[in-house]
$ cat model_3.tsv   # TSV, C-alpha atoms and all ligand atoms
chain	number	residue	atom	x	y	z
A	133	MET	CA	67.65	-102.89	81.11
A	134	LEU	CA	64.01	-101.89	81.52
A	135	LEU	CA	62.87	-105.49	80.97
A	136	ALA	CA	65.44	-106.62	83.56
A	137	GLN	CA	64.14	-104.03	86.00
A	138	MET	CA	60.52	-105.17	85.53
A	139	LEU	CA	61.44	-108.84	85.88
A	140	ARG	CA	63.44	-108.04	89.02
A	141	GLN	CA	60.40	-106.34	90.56
A	142	ALA	CA	58.43	-109.55	89.95
A	143	GLY	CA	61.17	-111.81	91.30
A	144	VAL	CA	62.00	-113.38	87.91
A	145	ASP	CA	65.64	-114.37	87.60
A	146	HIS	CA	67.48	-112.87	84.61
A	147	LEU	CA	70.85	-111.78	83.26
A	148	VAL	CA	71.65	-108.92	80.84
A	149	VAL	CA	74.42	-109.49	78.30
A	150	GLU	CA	75.63	-106.24	76.69
A	151	ARG	CA	78.03	-106.00	73.75
A	152	GLN	CA	79.19	-102.45	74.56
A	153	SER	CA	80.86	-100.94	77.61
A	154	ARG	CA	78.80	-98.98	80.12
A	155	GLN	CA	80.68	-95.80	79.14
A	156	HIS	CA	79.86	-96.32	75.49
A	157	VAL	CA	76.15	-96.83	76.18
A	158	LEU	CA	76.05	-93.72	78.35
A	159	SER	CA	77.84	-91.58	75.78
A	160	ARG	CA	75.32	-92.21	73.00
A	161	ILE	CA	72.87	-89.42	72.31
A	162	ARG	CA	69.54	-90.97	71.44
A	163	ALA	CA	65.89	-90.03	71.49
A	164	GLY	CA	64.39	-87.58	73.94
A	165	VAL	CA	60.59	-87.40	73.78
A	166	LEU	CA	58.50	-89.79	75.87
A	167	GLU	CA	54.88	-90.76	75.36
A	168	TRP	CA	52.84	-90.70	78.56
A	169	GLY	CA	52.58	-94.51	78.40
A	170	THR	CA	56.38	-94.58	78.58
A	171	VAL	CA	56.38	-92.12	81.49
A	172	ASP	CA	53.86	-94.31	83.35
A	173	THR	CA	55.79	-97.49	82.60
A	174	LEU	CA	59.05	-96.00	83.91
A	175	ARG	CA	57.26	-94.81	87.05
A	176	ARG	CA	55.70	-98.23	87.64
A	177	ALA	CA	59.12	-99.81	87.13
A	178	GLY	CA	60.46	-97.65	89.98
A	179	VAL	CA	62.84	-95.59	87.84
A	180	GLY	CA	60.78	-92.41	87.41
A	181	GLU	CA	62.12	-90.31	90.26
A	182	ARG	CA	64.68	-88.18	88.41
A	183	MET	CA	62.47	-88.02	85.31
A	184	ASN	CA	59.65	-86.60	87.45
A	185	THR	CA	61.79	-83.67	88.56
A	186	GLU	CA	64.05	-83.13	85.53
A	187	GLY	CA	61.70	-84.02	82.66
A	188	HIS	CA	60.08	-81.19	80.76
A	189	VAL	CA	56.38	-81.60	79.96
A	190	HIS	CA	55.33	-80.71	76.39
A	191	GLU	CA	51.78	-79.52	75.81
A	192	THR	CA	52.07	-78.72	72.12
A	193	ILE	CA	53.40	-80.03	68.83
A	194	ASN	CA	54.42	-77.15	66.59
A	195	ILE	CA	54.91	-77.28	62.83
A	196	ALA	CA	56.31	-74.36	60.86
A	197	TRP	CA	55.51	-74.42	57.14
A	198	GLY	CA	55.16	-72.22	54.10
A	199	GLY	CA	57.98	-69.93	55.31
A	200	THR	CA	55.95	-68.02	57.89
A	201	GLU	CA	53.03	-70.20	59.04
A	202	LEU	CA	53.08	-71.85	62.46
A	203	LEU	CA	50.65	-74.63	63.33
A	204	SER	CA	50.39	-75.42	67.03
A	205	VAL	CA	48.50	-78.46	68.29
A	206	ASN	CA	47.75	-78.65	72.00
A	207	THR	CA	47.70	-82.40	72.66
A	208	MET	CA	46.02	-81.93	76.06
A	209	GLU	CA	43.13	-80.06	74.42
A	210	ARG	CA	42.84	-82.43	71.47
A	211	VAL	CA	43.29	-85.83	73.14
A	212	GLY	CA	43.85	-85.22	76.86
A	213	ARG	CA	47.46	-86.36	76.89
A	214	LEU	CA	50.92	-84.81	77.23
A	215	MET	CA	54.46	-85.77	76.22
A	216	MET	CA	57.68	-85.43	78.20
A	217	ALA	CA	61.19	-84.41	77.15
A	218	TYR	CA	63.69	-86.64	78.99
A	219	GLY	CA	66.67	-88.17	77.21
A	220	GLN	CA	67.12	-91.88	76.57
A	221	THR	CA	70.66	-91.52	77.91
A	222	GLU	CA	69.21	-90.30	81.22
A	223	ILE	CA	66.78	-93.23	81.35
A	224	GLN	CA	69.71	-95.55	80.73
A	225	LYS	CA	71.61	-93.94	83.65
A	226	ASP	CA	68.58	-94.39	85.92
A	227	LEU	CA	68.26	-98.05	84.92
A	228	TYR	CA	71.95	-98.75	85.57
A	229	ALA	CA	71.66	-97.02	88.95
A	230	ALA	CA	68.64	-99.18	89.87
A	231	ALA	CA	70.54	-102.35	88.88
A	232	ASP	CA	73.68	-101.24	90.75
A	233	ALA	CA	71.63	-100.71	93.90
A	234	VAL	CA	70.90	-104.45	94.03
A	235	ASP	CA	74.22	-105.63	92.60
A	236	ALA	CA	72.61	-106.71	89.34
A	237	GLU	CA	75.23	-105.39	86.91
A	238	PRO	CA	74.91	-106.55	83.31
A	239	ILE	CA	77.79	-108.42	81.71
A	240	PHE	CA	79.42	-105.66	79.66
A	241	GLU	CA	81.64	-105.95	76.57
A	242	ALA	CA	80.43	-109.44	75.72
A	243	ASP	CA	82.01	-110.54	72.43
A	244	GLY	CA	80.92	-113.20	69.96
A	245	VAL	CA	77.45	-113.59	71.44
A	246	ALA	CA	75.64	-116.65	70.02
A	247	LEU	CA	72.17	-118.01	70.79
A	248	HIS	CA	71.53	-121.75	71.03
A	249	ASN	CA	68.74	-124.27	71.36
A	250	PHE	CA	65.83	-121.85	71.23
A	251	HIS	CA	63.88	-123.35	68.28
A	252	GLN	CA	60.40	-124.66	69.04
A	253	HIS	CA	61.32	-128.29	68.37
A	254	GLU	CA	64.53	-128.23	70.45
A	255	SER	CA	64.30	-129.55	74.00
A	256	GLY	CA	66.29	-128.68	77.09
A	257	PRO	CA	67.23	-125.15	78.07
A	258	ALA	CA	68.08	-122.42	75.58
A	259	SER	CA	71.50	-120.83	76.05
A	260	ILE	CA	73.68	-117.82	75.21
A	261	SER	CA	77.43	-118.17	74.73
A	262	PHE	CA	79.87	-115.25	74.71
A	263	LEU	CA	83.36	-114.13	75.55
A	264	ALA	CA	83.73	-111.63	78.42
A	265	ASN	CA	86.96	-110.54	80.13
A	266	GLY	CA	88.79	-113.03	77.92
A	267	VAL	CA	86.76	-115.95	79.31
A	268	LYS	CA	84.26	-118.05	77.34
A	269	ASP	CA	80.94	-118.41	79.09
A	270	ARG	CA	77.59	-120.06	78.42
A	271	ILE	CA	74.38	-119.23	80.28
A	272	GLU	CA	71.38	-121.56	80.21
A	273	CYS	CA	67.89	-120.07	80.38
A	274	ASP	CA	64.18	-120.68	79.78
A	275	PHE	CA	63.82	-117.75	77.35
A	276	ILE	CA	66.00	-115.30	75.44
A	277	ALA	CA	64.84	-111.68	75.04
A	278	GLY	CA	66.54	-110.23	71.96
A	279	CYS	CA	66.78	-106.54	72.89
A	280	ASP	CA	70.03	-106.05	70.98
A	281	GLY	CA	69.09	-103.53	68.32
A	282	PHE	CA	68.94	-103.59	64.54
A	283	HIS	CA	72.50	-104.91	64.11
A	284	GLY	CA	72.30	-107.40	66.99
A	285	VAL	CA	72.62	-111.15	66.76
A	286	SER	CA	69.05	-112.01	67.83
A	287	ARG	CA	67.01	-111.33	64.70
A	288	SER	CA	69.65	-112.82	62.41
A	289	SER	CA	69.65	-116.01	64.53
A	290	ILE	CA	66.09	-116.69	63.36
A	291	PRO	CA	66.15	-118.75	60.13
A	292	LYS	CA	65.58	-116.47	57.13
A	293	GLU	CA	62.67	-118.55	55.86
A	294	ALA	CA	60.87	-118.00	59.19
A	295	ARG	CA	61.01	-114.18	58.91
A	296	THR	CA	59.14	-111.71	56.74
A	297	GLU	CA	60.83	-108.32	56.46
A	298	TYR	CA	59.25	-105.05	55.37
A	299	GLU	CA	61.48	-102.10	54.60
A	300	LYS	CA	61.39	-98.54	53.30
A	301	LEU	CA	64.49	-96.39	52.90
A	302	TYR	CA	64.24	-92.60	52.71
A	303	PRO	CA	66.51	-90.62	50.36
A	304	PHE	CA	67.92	-88.30	53.07
A	305	GLY	CA	69.38	-88.29	56.56
A	306	TRP	CA	69.17	-86.19	59.72
A	307	LEU	CA	72.17	-84.20	60.82
A	308	GLY	CA	71.79	-83.75	64.59
A	309	ILE	CA	73.69	-81.60	67.04
A	310	LEU	CA	73.63	-81.14	70.78
A	311	SER	CA	74.57	-77.76	72.19
A	312	GLU	CA	74.83	-76.35	75.70
A	313	THR	CA	72.42	-73.53	74.99
A	314	PRO	CA	68.89	-72.86	76.28
A	315	PRO	CA	66.40	-74.57	73.94
A	316	LEU	CA	63.38	-72.91	72.37
A	317	PRO	CA	60.49	-73.24	74.85
A	318	ILE	CA	58.55	-75.36	72.32
A	319	LEU	CA	59.16	-78.51	70.31
A	320	LEU	CA	59.25	-77.21	66.74
A	321	TYR	CA	59.17	-79.17	63.47
A	322	ALA	CA	59.71	-77.27	60.22
A	323	ASN	CA	58.69	-78.10	56.66
A	324	HIS	CA	60.75	-75.70	54.55
A	325	GLU	CA	61.73	-75.55	50.89
A	326	ARG	CA	65.38	-75.98	51.98
A	327	GLY	CA	64.39	-79.17	53.84
A	328	PHE	CA	63.10	-80.38	57.20
A	329	ALA	CA	64.35	-79.01	60.54
A	330	LEU	CA	63.57	-79.83	64.18
A	331	CYS	CA	64.22	-77.93	67.41
A	332	SER	CA	64.12	-80.14	70.49
A	333	MET	CA	65.63	-80.19	73.97
A	334	ARG	CA	67.16	-82.38	76.63
A	335	ASN	CA	67.08	-79.99	79.60
A	336	PRO	CA	66.92	-76.21	80.24
A	337	LEU	CA	70.58	-75.83	79.23
A	338	LEU	CA	70.88	-78.51	76.58
A	339	SER	CA	69.35	-78.24	73.11
A	340	ARG	CA	68.98	-80.84	70.39
A	341	TYR	CA	68.56	-79.67	66.77
A	342	TYR	CA	68.31	-81.49	63.47
A	343	VAL	CA	68.33	-80.57	59.78
A	344	GLN	CA	67.53	-82.87	56.86
A	345	CYS	CA	70.67	-83.47	54.75
A	346	PRO	CA	71.67	-85.57	51.72
A	347	LEU	CA	72.75	-89.14	52.53
A	348	THR	CA	76.10	-88.47	50.89
A	349	ASP	CA	77.01	-85.70	53.40
A	350	THR	CA	79.45	-86.36	56.24
A	351	ILE	CA	79.86	-84.40	59.48
A	352	GLU	CA	83.08	-82.91	58.05
A	353	ASP	CA	80.84	-81.11	55.54
A	354	TRP	CA	79.02	-79.40	58.39
A	355	SER	CA	80.88	-76.84	60.48
A	356	ASP	CA	78.88	-75.43	63.42
A	357	ASP	CA	78.51	-72.17	61.47
A	358	ARG	CA	77.06	-73.93	58.46
A	359	PHE	CA	74.69	-75.89	60.69
A	360	TRP	CA	73.31	-72.82	62.50
A	361	THR	CA	72.95	-70.85	59.26
A	362	GLU	CA	71.02	-73.70	57.67
A	363	LEU	CA	68.84	-74.32	60.75
A	364	LEU	CA	67.90	-70.65	61.11
A	365	ALA	CA	67.10	-70.38	57.39
A	366	ARG	CA	64.52	-73.16	57.79
A	367	LEU	CA	62.69	-71.61	60.80
A	368	PRO	CA	60.05	-68.85	60.88
A	369	PRO	CA	61.59	-65.40	61.58
A	370	GLU	CA	60.29	-65.19	65.17
A	371	GLN	CA	61.83	-68.50	66.30
A	372	ALA	CA	65.00	-67.94	64.25
A	373	GLY	CA	65.34	-64.52	65.96
A	374	SER	CA	65.11	-65.92	69.48
A	375	LEU	CA	67.18	-69.10	69.03
A	376	ARG	CA	70.47	-69.13	70.95
A	377	THR	CA	73.36	-70.69	69.06
A	378	GLY	CA	76.65	-71.95	70.50
A	379	PRO	CA	79.33	-74.59	69.99
A	380	SER	CA	78.09	-78.13	69.32
A	381	ILE	CA	79.14	-80.83	71.79
A	382	GLU	CA	77.95	-83.70	69.59
A	383	LYS	CA	77.26	-83.98	65.88
A	384	SER	CA	76.10	-87.00	63.90
A	385	ILE	CA	74.24	-87.99	60.74
A	386	ALA	CA	71.61	-90.75	60.77
A	387	PRO	CA	69.96	-92.27	57.70
A	388	LEU	CA	66.17	-92.70	57.87
A	389	ARG	CA	64.55	-96.10	57.52
A	390	SER	CA	61.30	-97.94	58.27
A	391	PHE	CA	61.73	-101.67	58.90
A	392	VAL	CA	59.66	-104.45	60.48
A	393	SER	CA	60.56	-108.12	60.87
A	394	GLU	CA	57.72	-110.54	61.62
A	395	PRO	CA	57.07	-112.49	63.76
A	396	MET	CA	58.62	-111.11	66.97
A	397	ARG	CA	58.76	-114.58	68.52
A	398	PHE	CA	60.59	-117.65	67.30
A	399	GLY	CA	60.45	-120.60	69.73
A	400	ARG	CA	61.91	-119.37	72.99
A	401	LEU	CA	63.44	-116.21	71.50
A	402	PHE	CA	61.45	-112.97	71.79
A	403	LEU	CA	62.52	-109.82	69.94
A	404	ALA	CA	61.90	-106.35	71.37
A	405	GLY	CA	62.69	-102.81	70.16
A	406	ASP	CA	65.04	-102.13	67.25
A	407	ALA	CA	65.93	-105.83	67.00
A	408	ALA	CA	62.51	-106.24	65.36
A	409	HIS	CA	61.67	-102.82	63.96
A	410	ILE	CA	63.09	-99.44	63.01
A	411	VAL	CA	61.18	-96.21	62.52
A	412	PRO	CA	62.50	-92.93	61.13
A	413	PRO	CA	63.09	-90.49	64.03
A	414	THR	CA	60.27	-88.12	62.98
A	415	GLY	CA	57.75	-88.33	65.85
A	416	ALA	CA	60.27	-89.92	68.26
A	417	LYS	CA	58.62	-93.33	68.29
A	418	GLY	CA	61.66	-95.68	68.43
A	419	LEU	CA	62.34	-95.62	72.16
A	420	ASN	CA	58.62	-95.52	72.96
A	421	LEU	CA	57.98	-98.64	70.88
A	422	ALA	CA	60.79	-100.47	72.65
A	423	VAL	CA	59.11	-99.58	75.96
A	424	SER	CA	55.69	-100.85	74.83
A	425	ASP	CA	57.29	-104.10	73.55
A	426	VAL	CA	58.93	-104.52	76.96
A	427	HIS	CA	55.62	-103.80	78.69
A	428	TYR	CA	54.00	-106.71	76.80
A	429	LEU	CA	57.02	-108.98	77.10
A	430	SER	CA	57.54	-108.47	80.83
A	431	SER	CA	53.92	-109.26	81.63
A	432	ALA	CA	54.02	-112.30	79.30
A	433	LEU	CA	57.15	-113.69	81.01
A	434	ILE	CA	55.83	-112.94	84.49
A	435	GLY	CA	52.53	-114.62	83.48
A	436	HIS	CA	54.46	-117.73	82.43
A	437	TYR	CA	55.94	-118.11	85.92
A	438	HIS	CA	52.40	-117.89	87.30
A	439	GLY	CA	51.29	-120.74	85.05
A	440	ASP	CA	49.72	-118.64	82.28
A	441	ASP	CA	51.27	-118.73	78.78
A	442	THR	CA	48.63	-116.73	76.94
A	443	GLY	CA	50.81	-113.58	77.05
A	444	LEU	CA	53.77	-115.42	75.53
A	445	ASP	CA	51.55	-116.90	72.83
A	446	SER	CA	50.05	-113.55	71.85
A	447	TYR	CA	53.22	-111.43	72.35
A	448	SER	CA	54.16	-111.19	68.68
A	449	SER	CA	50.72	-110.26	67.36
A	450	THR	CA	49.97	-107.87	70.25
A	451	ALA	CA	53.30	-106.06	69.94
A	452	LEU	CA	53.17	-105.96	66.12
A	453	ALA	CA	49.72	-104.35	66.08
A	454	ARG	CA	51.11	-101.41	68.04
A	455	VAL	CA	54.39	-101.42	66.08
A	456	TRP	CA	52.57	-101.02	62.74
A	457	GLY	CA	50.56	-98.12	64.17
A	458	ALA	CA	53.79	-96.28	64.99
A	459	VAL	CA	55.50	-97.36	61.75
A	460	ARG	CA	52.64	-95.90	59.74
A	461	PHE	CA	52.58	-92.68	61.79
A	462	SER	CA	56.36	-92.14	61.54
A	463	TRP	CA	56.23	-92.74	57.78
A	464	TRP	CA	53.32	-90.29	57.45
A	465	LEU	CA	55.00	-87.53	59.51
A	466	THR	CA	58.29	-88.06	57.66
A	467	THR	CA	56.52	-87.81	54.30
A	468	LEU	CA	54.57	-84.73	55.38
A	469	LEU	CA	57.56	-82.76	56.65
A	470	HIS	CA	60.53	-83.56	54.38
A	471	ARG	CA	61.55	-82.44	50.91
A	472	PHE	CA	62.17	-85.50	48.75
A	473	PRO	CA	64.89	-85.11	46.12
A	474	ASP	CA	62.50	-86.30	43.39
A	475	GLN	CA	59.56	-84.25	44.68
A	476	THR	CA	57.47	-82.74	41.88
A	477	ALA	CA	55.53	-79.46	42.00
A	478	PHE	CA	52.40	-81.60	42.37
A	479	ASP	CA	53.84	-83.37	45.42
A	480	GLY	CA	54.71	-79.98	46.94
A	481	ARG	CA	51.13	-78.73	46.51
A	482	THR	CA	49.55	-81.82	48.08
A	483	GLN	CA	51.96	-81.58	51.02
A	484	ALA	CA	51.11	-77.88	51.52
A	485	GLN	CA	47.40	-78.71	51.26
A	486	GLU	CA	47.69	-81.33	53.99
A	487	LEU	CA	49.45	-78.84	56.29
A	488	ALA	CA	46.81	-76.18	55.54
A	489	HIS	CA	44.08	-78.70	56.36
A	490	LEU	CA	45.81	-79.62	59.63
A	491	ALA	CA	46.06	-75.92	60.52
A	492	ARG	CA	42.28	-75.47	59.97
A	493	SER	CA	40.79	-78.74	61.16
A	494	GLU	CA	40.59	-79.65	64.84
A	495	ARG	CA	39.61	-83.18	63.80
A	496	ALA	CA	42.72	-83.59	61.66
A	497	GLN	CA	44.76	-82.24	64.59
A	498	ALA	CA	43.10	-84.72	66.95
A	499	ALA	CA	43.94	-87.61	64.61
A	500	MET	CA	47.59	-86.49	64.52
A	501	ALA	CA	47.75	-85.82	68.27
A	502	GLU	CA	46.19	-89.20	69.12
A	503	GLN	CA	49.03	-91.00	67.39
A	504	TYR	CA	51.74	-88.54	68.38
A	505	VAL	CA	51.08	-88.98	72.11
A	506	GLY	CA	51.06	-92.75	71.57
A	507	LEU	CA	48.37	-95.36	71.05
A	508	ASP	CA	47.13	-97.15	74.16
A	509	TYR	CA	48.94	-100.33	75.27
B	601	LIG	C1	63.58	-85.75	68.93
B	601	LIG	C2	62.39	-85.16	69.22
B	601	LIG	C3	61.31	-85.36	68.39
B	601	LIG	O1	60.10	-84.80	68.63
B	601	LIG	C4	61.40	-86.12	67.26
B	601	LIG	O2	60.31	-86.26	66.48
B	601	LIG	C5	62.58	-86.73	66.99
B	601	LIG	C6	63.68	-86.54	67.82
B	601	LIG	C7	64.73	-85.55	69.81
B	601	LIG	O3	64.65	-84.72	70.73
B	601	LIG	O4	65.78	-86.18	69.61

$ encode --input "model_3.tsv" --output "structure tokens" --more "lines below"
Ligand code: DHB
Amino acid sequence: MLLAQMLRQAGVDHLVVERQSRQHVLSRIRAGVLEWGTVDTLRRAGVGERMNTEGHVHETINIAWGGTELLSVNTMERVGRLMMAYGQTEIQKDLYAAADAVDAEPIFEADGVALHNFHQHESGPASISFLANGVKDRIECDFIAGCDGFHGVSRSSIPKEARTEYEKLYPFGWLGILSETPPLPILLYANHERGFALCSMRNPLLSRYYVQCPLTDTIEDWSDDRFWTELLARLPPEQAGSLRTGPSIEKSIAPLRSFVSEPMRFGRLFLAGDAAHIVPPTGAKGLNLAVSDVHYLSSALIGHYHGDDTGLDSYSSTALARVWGAVRFSWWLTTLLHRFPDQTAFDGRTQAQELAHLARSERAQAAMAEQYVGLDY
């Protein structure tokens, strides 16, 4: 939807084909922390108005460790940048509203989507076929942007021998809840012997919390009471004492994975976001990476219609360079903050040493903050 919005601003004709219903998309609770590059991109795309008033600016990253220690890194002081809390679901609403305003609704609930004629050696237009409202349709186009997520049809339409996939699975998941309670005033990550925890927010009356859990757990294993008890046990006493609990309004478990598929272009098909790469949620890079992909892809497509194909030709390598930066950072932060089931006493000591070093060293903090706020586009 963001790519569509940016193409629309440049007068490039496009159509969005969506497998889900609008209600389904708007009911999903996704990420909530935006890099400043994302904030700027949304503003430039003309969808920043509500974010500007409702978003909450974060100045610090906070990491609790060792039971009572609290490390606070001011990203403005270290690298001159801030982050913003504003939910992906809200961005999605803003993008739908912008499309509605010009009667550019996506095709929702498209079934059996298939991509055709997009290989380099194939001539004539590429096309997408699908079934919507019980009617078979086929749309011809110059290019296909595969923005359809990890399970979408785009990546798997590229011949296997033309793809190289890199993957790392983590032996735990995140149990997340949303509750209509005032959040802690800070974004707080916790490395605790019972496992990782995270206190985040969506707005002044909506909190988002996570605890690391075994992959075999289901949400039935986690009553609200059990969740709050576990979360509070993993936080330093001061934050645990001030945290307001309440009934959850959403609860889900997500496995953690790092994944990259290269290249991000095959003929006239361009992958963006989770269709090409997955990061574990630690550091909130997934949505931000999708936005930087779309930044590169929109300018490459717009360049094409002005007679310049250099952006299209370099899209994959340009996007992947930034993707690997975020993949490495998310892996590092995940490894630093979680308890691994097979963790030895040695592993525990090196992890604690790295946190102690971060707490002492402004240079180490600057290196973390530089990547946390997002590498330049
Ligand atoms: C969220 C926030 C984070 O800082 C993070 O690393 C992961 C998730 C969130 O609010 O959902």

$ residues_near_ligand --input "model_3.tsv" --ligand "ligand LIG 601 (chain B)" --cutoff "6 Å" --atoms "only C-alpha atoms and all ligand atoms" --output "ChimeraX atom specification"
/A:163-165,332-333,340,413-416

$ write_last_selection --input "model_3.tsv" --atoms "C-alpha atoms" --output "PDB file, in the coordinates of the input"
ATOM      1  CA  ALA A 163      65.890 -90.030  71.490  1.00  0.00           C
ATOM      2  CA  GLY A 164      64.390 -87.580  73.940  1.00  0.00           C
ATOM      3  CA  VAL A 165      60.590 -87.400  73.780  1.00  0.00           C
ATOM      4  CA  SER A 332      64.120 -80.140  70.490  1.00  0.00           C
ATOM      5  CA  MET A 333      65.630 -80.190  73.970  1.00  0.00           C
ATOM      6  CA  ARG A 340      68.980 -80.840  70.390  1.00  0.00           C
ATOM      7  CA  PRO A 413      63.090 -90.490  64.030  1.00  0.00           C
ATOM      8  CA  THR A 414      60.270 -88.120  62.980  1.00  0.00           C
ATOM      9  CA  GLY A 415      57.750 -88.330  65.850  1.00  0.00           C
ATOM     10  CA  ALA A 416      60.270 -89.920  68.260  1.00  0.00           C
TER      11      ALA A 416
END

$ residues_around --input "model_3.tsv" --residues "region 484-501 of chain A" --least-positions-apart "2" --cutoff "10 Å" --atoms "all atoms listed in the file" --output "PyMOL selection string"
chain A and resi 192-193+195-198+201-214+323+461+464-465+468-469+478-482+503-507

$ residues_near_point --input "model_3.tsv" --point "(50.8, -101.3, 72.3)" --cutoff "8 Å" --atoms "all atoms listed in the file" --output "list in words"
Leu421, Ser424, Asp425, Tyr428, Thr450, Ala451, Ala453, Arg454, Val455, Leu507, Asp508 and Tyr509 of chain A

$ axis_aligned_box --input "model_3.tsv" --around "region 446-457 of chain A" --padding-each-side "4 Å" --output "JSON"
{"center_x": 52.1, "center_y": -105.8, "center_z": 67.5, "size_x": 12.7, "size_y": 23.4, "size_z": 17.6}

$ atom_distance --input "model_3.tsv" --atom1 "CA of Asp406 (chain A)" --atom2 "CA of Arg151 (chain A)"
15.0 Å

$ residues_near_point --input "model_3.tsv" --point "(50.0, -115.7, 77.4)" --cutoff "10 Å" --atoms "only C-alpha atoms" --output "MDAnalysis selection string"
chainID A and resid 428:429 431:436 439:447

$ closest_residue --input "model_3.tsv" --among "A:Val144, A:Phe359, A:Ile318, A:Glu502" --to "His190 (chain A)" --atoms "all atoms listed in the file"
A:Ile318

$ residues_around --input "model_3.tsv" --residues "region 244-248 of chain A" --least-positions-apart "4" --cutoff "7 Å" --atoms "all atoms listed in the file" --output "MDAnalysis selection string"
chainID A and resid 258:263

$ atom_distance --input "model_3.tsv" --atom1 "CA of Ala422 (chain A)" --atom2 "CA of Pro387 (chain A)"
19.4 Å

$ atom_distance --input "model_3.tsv" --atom1 "CA of Met216 (chain A)" --atom2 "CA of His188 (chain A)"
5.5 Å

$ closest_residue --input "model_3.tsv" --among "A:Thr466, A:Gln224, A:Asn265, A:Thr313" --to "Leu330 (chain A)" --atoms "only C-alpha atoms"
A:Thr466

$ residues_around --input "model_3.tsv" --residues "Leu307 (chain A)" --least-positions-apart "5" --cutoff "7 Å" --atoms "all atoms listed in the file" --output "list in words"
Tyr342, Val343, Gln344, Cys345, Ser384, Ile385 and Ala386 of chain A

$ closest_residue --input "model_3.tsv" --among "A:Glu167, A:Gly281, A:Trp354, A:Leu135" --to "Val189 (chain A)" --atoms "all atoms listed in the file"
A:Glu167

$ residues_around --input "model_3.tsv" --residues "Gln252 (chain A)" --least-positions-apart "4" --cutoff "9 Å" --atoms "only C-alpha atoms" --output "PyMOL selection string"
chain A and resi 398-400

$ closest_residue --input "model_3.tsv" --among "A:Leu301, A:Val459, A:Leu158, A:Leu367" --to "Leu388 (chain A)" --atoms "all atoms listed in the file"
A:Leu301

$ residues_around --input "model_3.tsv" --residues "Gln152 (chain A)" --least-positions-apart "3" --cutoff "8 Å" --atoms "all atoms listed in the file" --output "list in words"
His156, Val157, Phe240, Glu241 and Ala242 of chain A

$ closest_residue --input "model_3.tsv" --among "A:Gln371, A:Ser289, A:Thr170, A:Ser311" --to "Gly199 (chain A)" --atoms "all atoms listed in the file"
A:Gln371

$ closest_residue --input "model_3.tsv" --among "A:Thr200, A:Ser153, A:Asn184, A:Ser462" --to "His324 (chain A)" --atoms "only C-alpha atoms"
A:Thr200

$ build_atoms --input "model_3.tsv" --residues "region 294-303 of chain A" --atoms "N, CA, C and O atoms" --output "PDB file, in the frame of the given file"
ATOM      1  N   ALA A 294      61.902-118.168  58.158  1.00  0.00           N
ATOM      2  CA  ALA A 294      60.870-118.000  59.190  1.00  0.00           C
ATOM      3  C   ALA A 294      60.539-116.522  59.429  1.00  0.00           C
ATOM      4  O   ALA A 294      59.720-116.191  60.278  1.00  0.00           O
ATOM      5  N   ARG A 295      61.225-115.624  58.695  1.00  0.00           N
ATOM      6  CA  ARG A 295      61.010-114.180  58.910  1.00  0.00           C
ATOM      7  C   ARG A 295      60.421-113.548  57.656  1.00  0.00           C
ATOM      8  O   ARG A 295      60.800-113.895  56.549  1.00  0.00           O
ATOM      9  N   THR A 296      59.565-112.553  57.863  1.00  0.00           N
ATOM     10  CA  THR A 296      59.140-111.710  56.740  1.00  0.00           C
ATOM     11  C   THR A 296      59.578-110.293  57.098  1.00  0.00           C
ATOM     12  O   THR A 296      59.274-109.810  58.193  1.00  0.00           O
ATOM     13  N   GLU A 297      60.320-109.661  56.169  1.00  0.00           N
ATOM     14  CA  GLU A 297      60.830-108.320  56.460  1.00  0.00           C
ATOM     15  C   GLU A 297      60.192-107.292  55.531  1.00  0.00           C
ATOM     16  O   GLU A 297      60.018-107.545  54.345  1.00  0.00           O
ATOM     17  N   TYR A 298      59.847-106.152  56.114  1.00  0.00           N
ATOM     18  CA  TYR A 298      59.250-105.050  55.370  1.00  0.00           C
ATOM     19  C   TYR A 298      60.161-103.847  55.554  1.00  0.00           C
ATOM     20  O   TYR A 298      60.538-103.527  56.679  1.00  0.00           O
ATOM     21  N   GLU A 299      60.507-103.187  54.449  1.00  0.00           N
ATOM     22  CA  GLU A 299      61.480-102.100  54.600  1.00  0.00           C
ATOM     23  C   GLU A 299      61.183-100.944  53.650  1.00  0.00           C
ATOM     24  O   GLU A 299      60.745-101.141  52.526  1.00  0.00           O
ATOM     25  N   LYS A 300      61.446 -99.736  54.158  1.00  0.00           N
ATOM     26  CA  LYS A 300      61.390 -98.540  53.300  1.00  0.00           C
ATOM     27  C   LYS A 300      62.567 -97.653  53.668  1.00  0.00           C
ATOM     28  O   LYS A 300      62.760 -97.320  54.840  1.00  0.00           O
ATOM     29  N   LEU A 301      63.363 -97.294  52.653  1.00  0.00           N
ATOM     30  CA  LEU A 301      64.490 -96.390  52.900  1.00  0.00           C
ATOM     31  C   LEU A 301      64.110 -95.010  52.392  1.00  0.00           C
ATOM     32  O   LEU A 301      63.401 -94.880  51.401  1.00  0.00           O
ATOM     33  N   TYR A 302      64.554 -93.978  53.102  1.00  0.00           N
ATOM     34  CA  TYR A 302      64.240 -92.600  52.710  1.00  0.00           C
ATOM     35  C   TYR A 302      65.500 -91.979  52.108  1.00  0.00           C
ATOM     36  O   TYR A 302      66.608 -92.237  52.604  1.00  0.00           O
ATOM     37  N   PRO A 303      65.333 -91.139  51.069  1.00  0.00           N
ATOM     38  CA  PRO A 303      66.510 -90.620  50.360  1.00  0.00           C
ATOM     39  C   PRO A 303      67.135 -89.388  51.020  1.00  0.00           C
ATOM     40  O   PRO A 303      67.457 -88.423  50.350  1.00  0.00           O
TER      41      PRO A 303
END
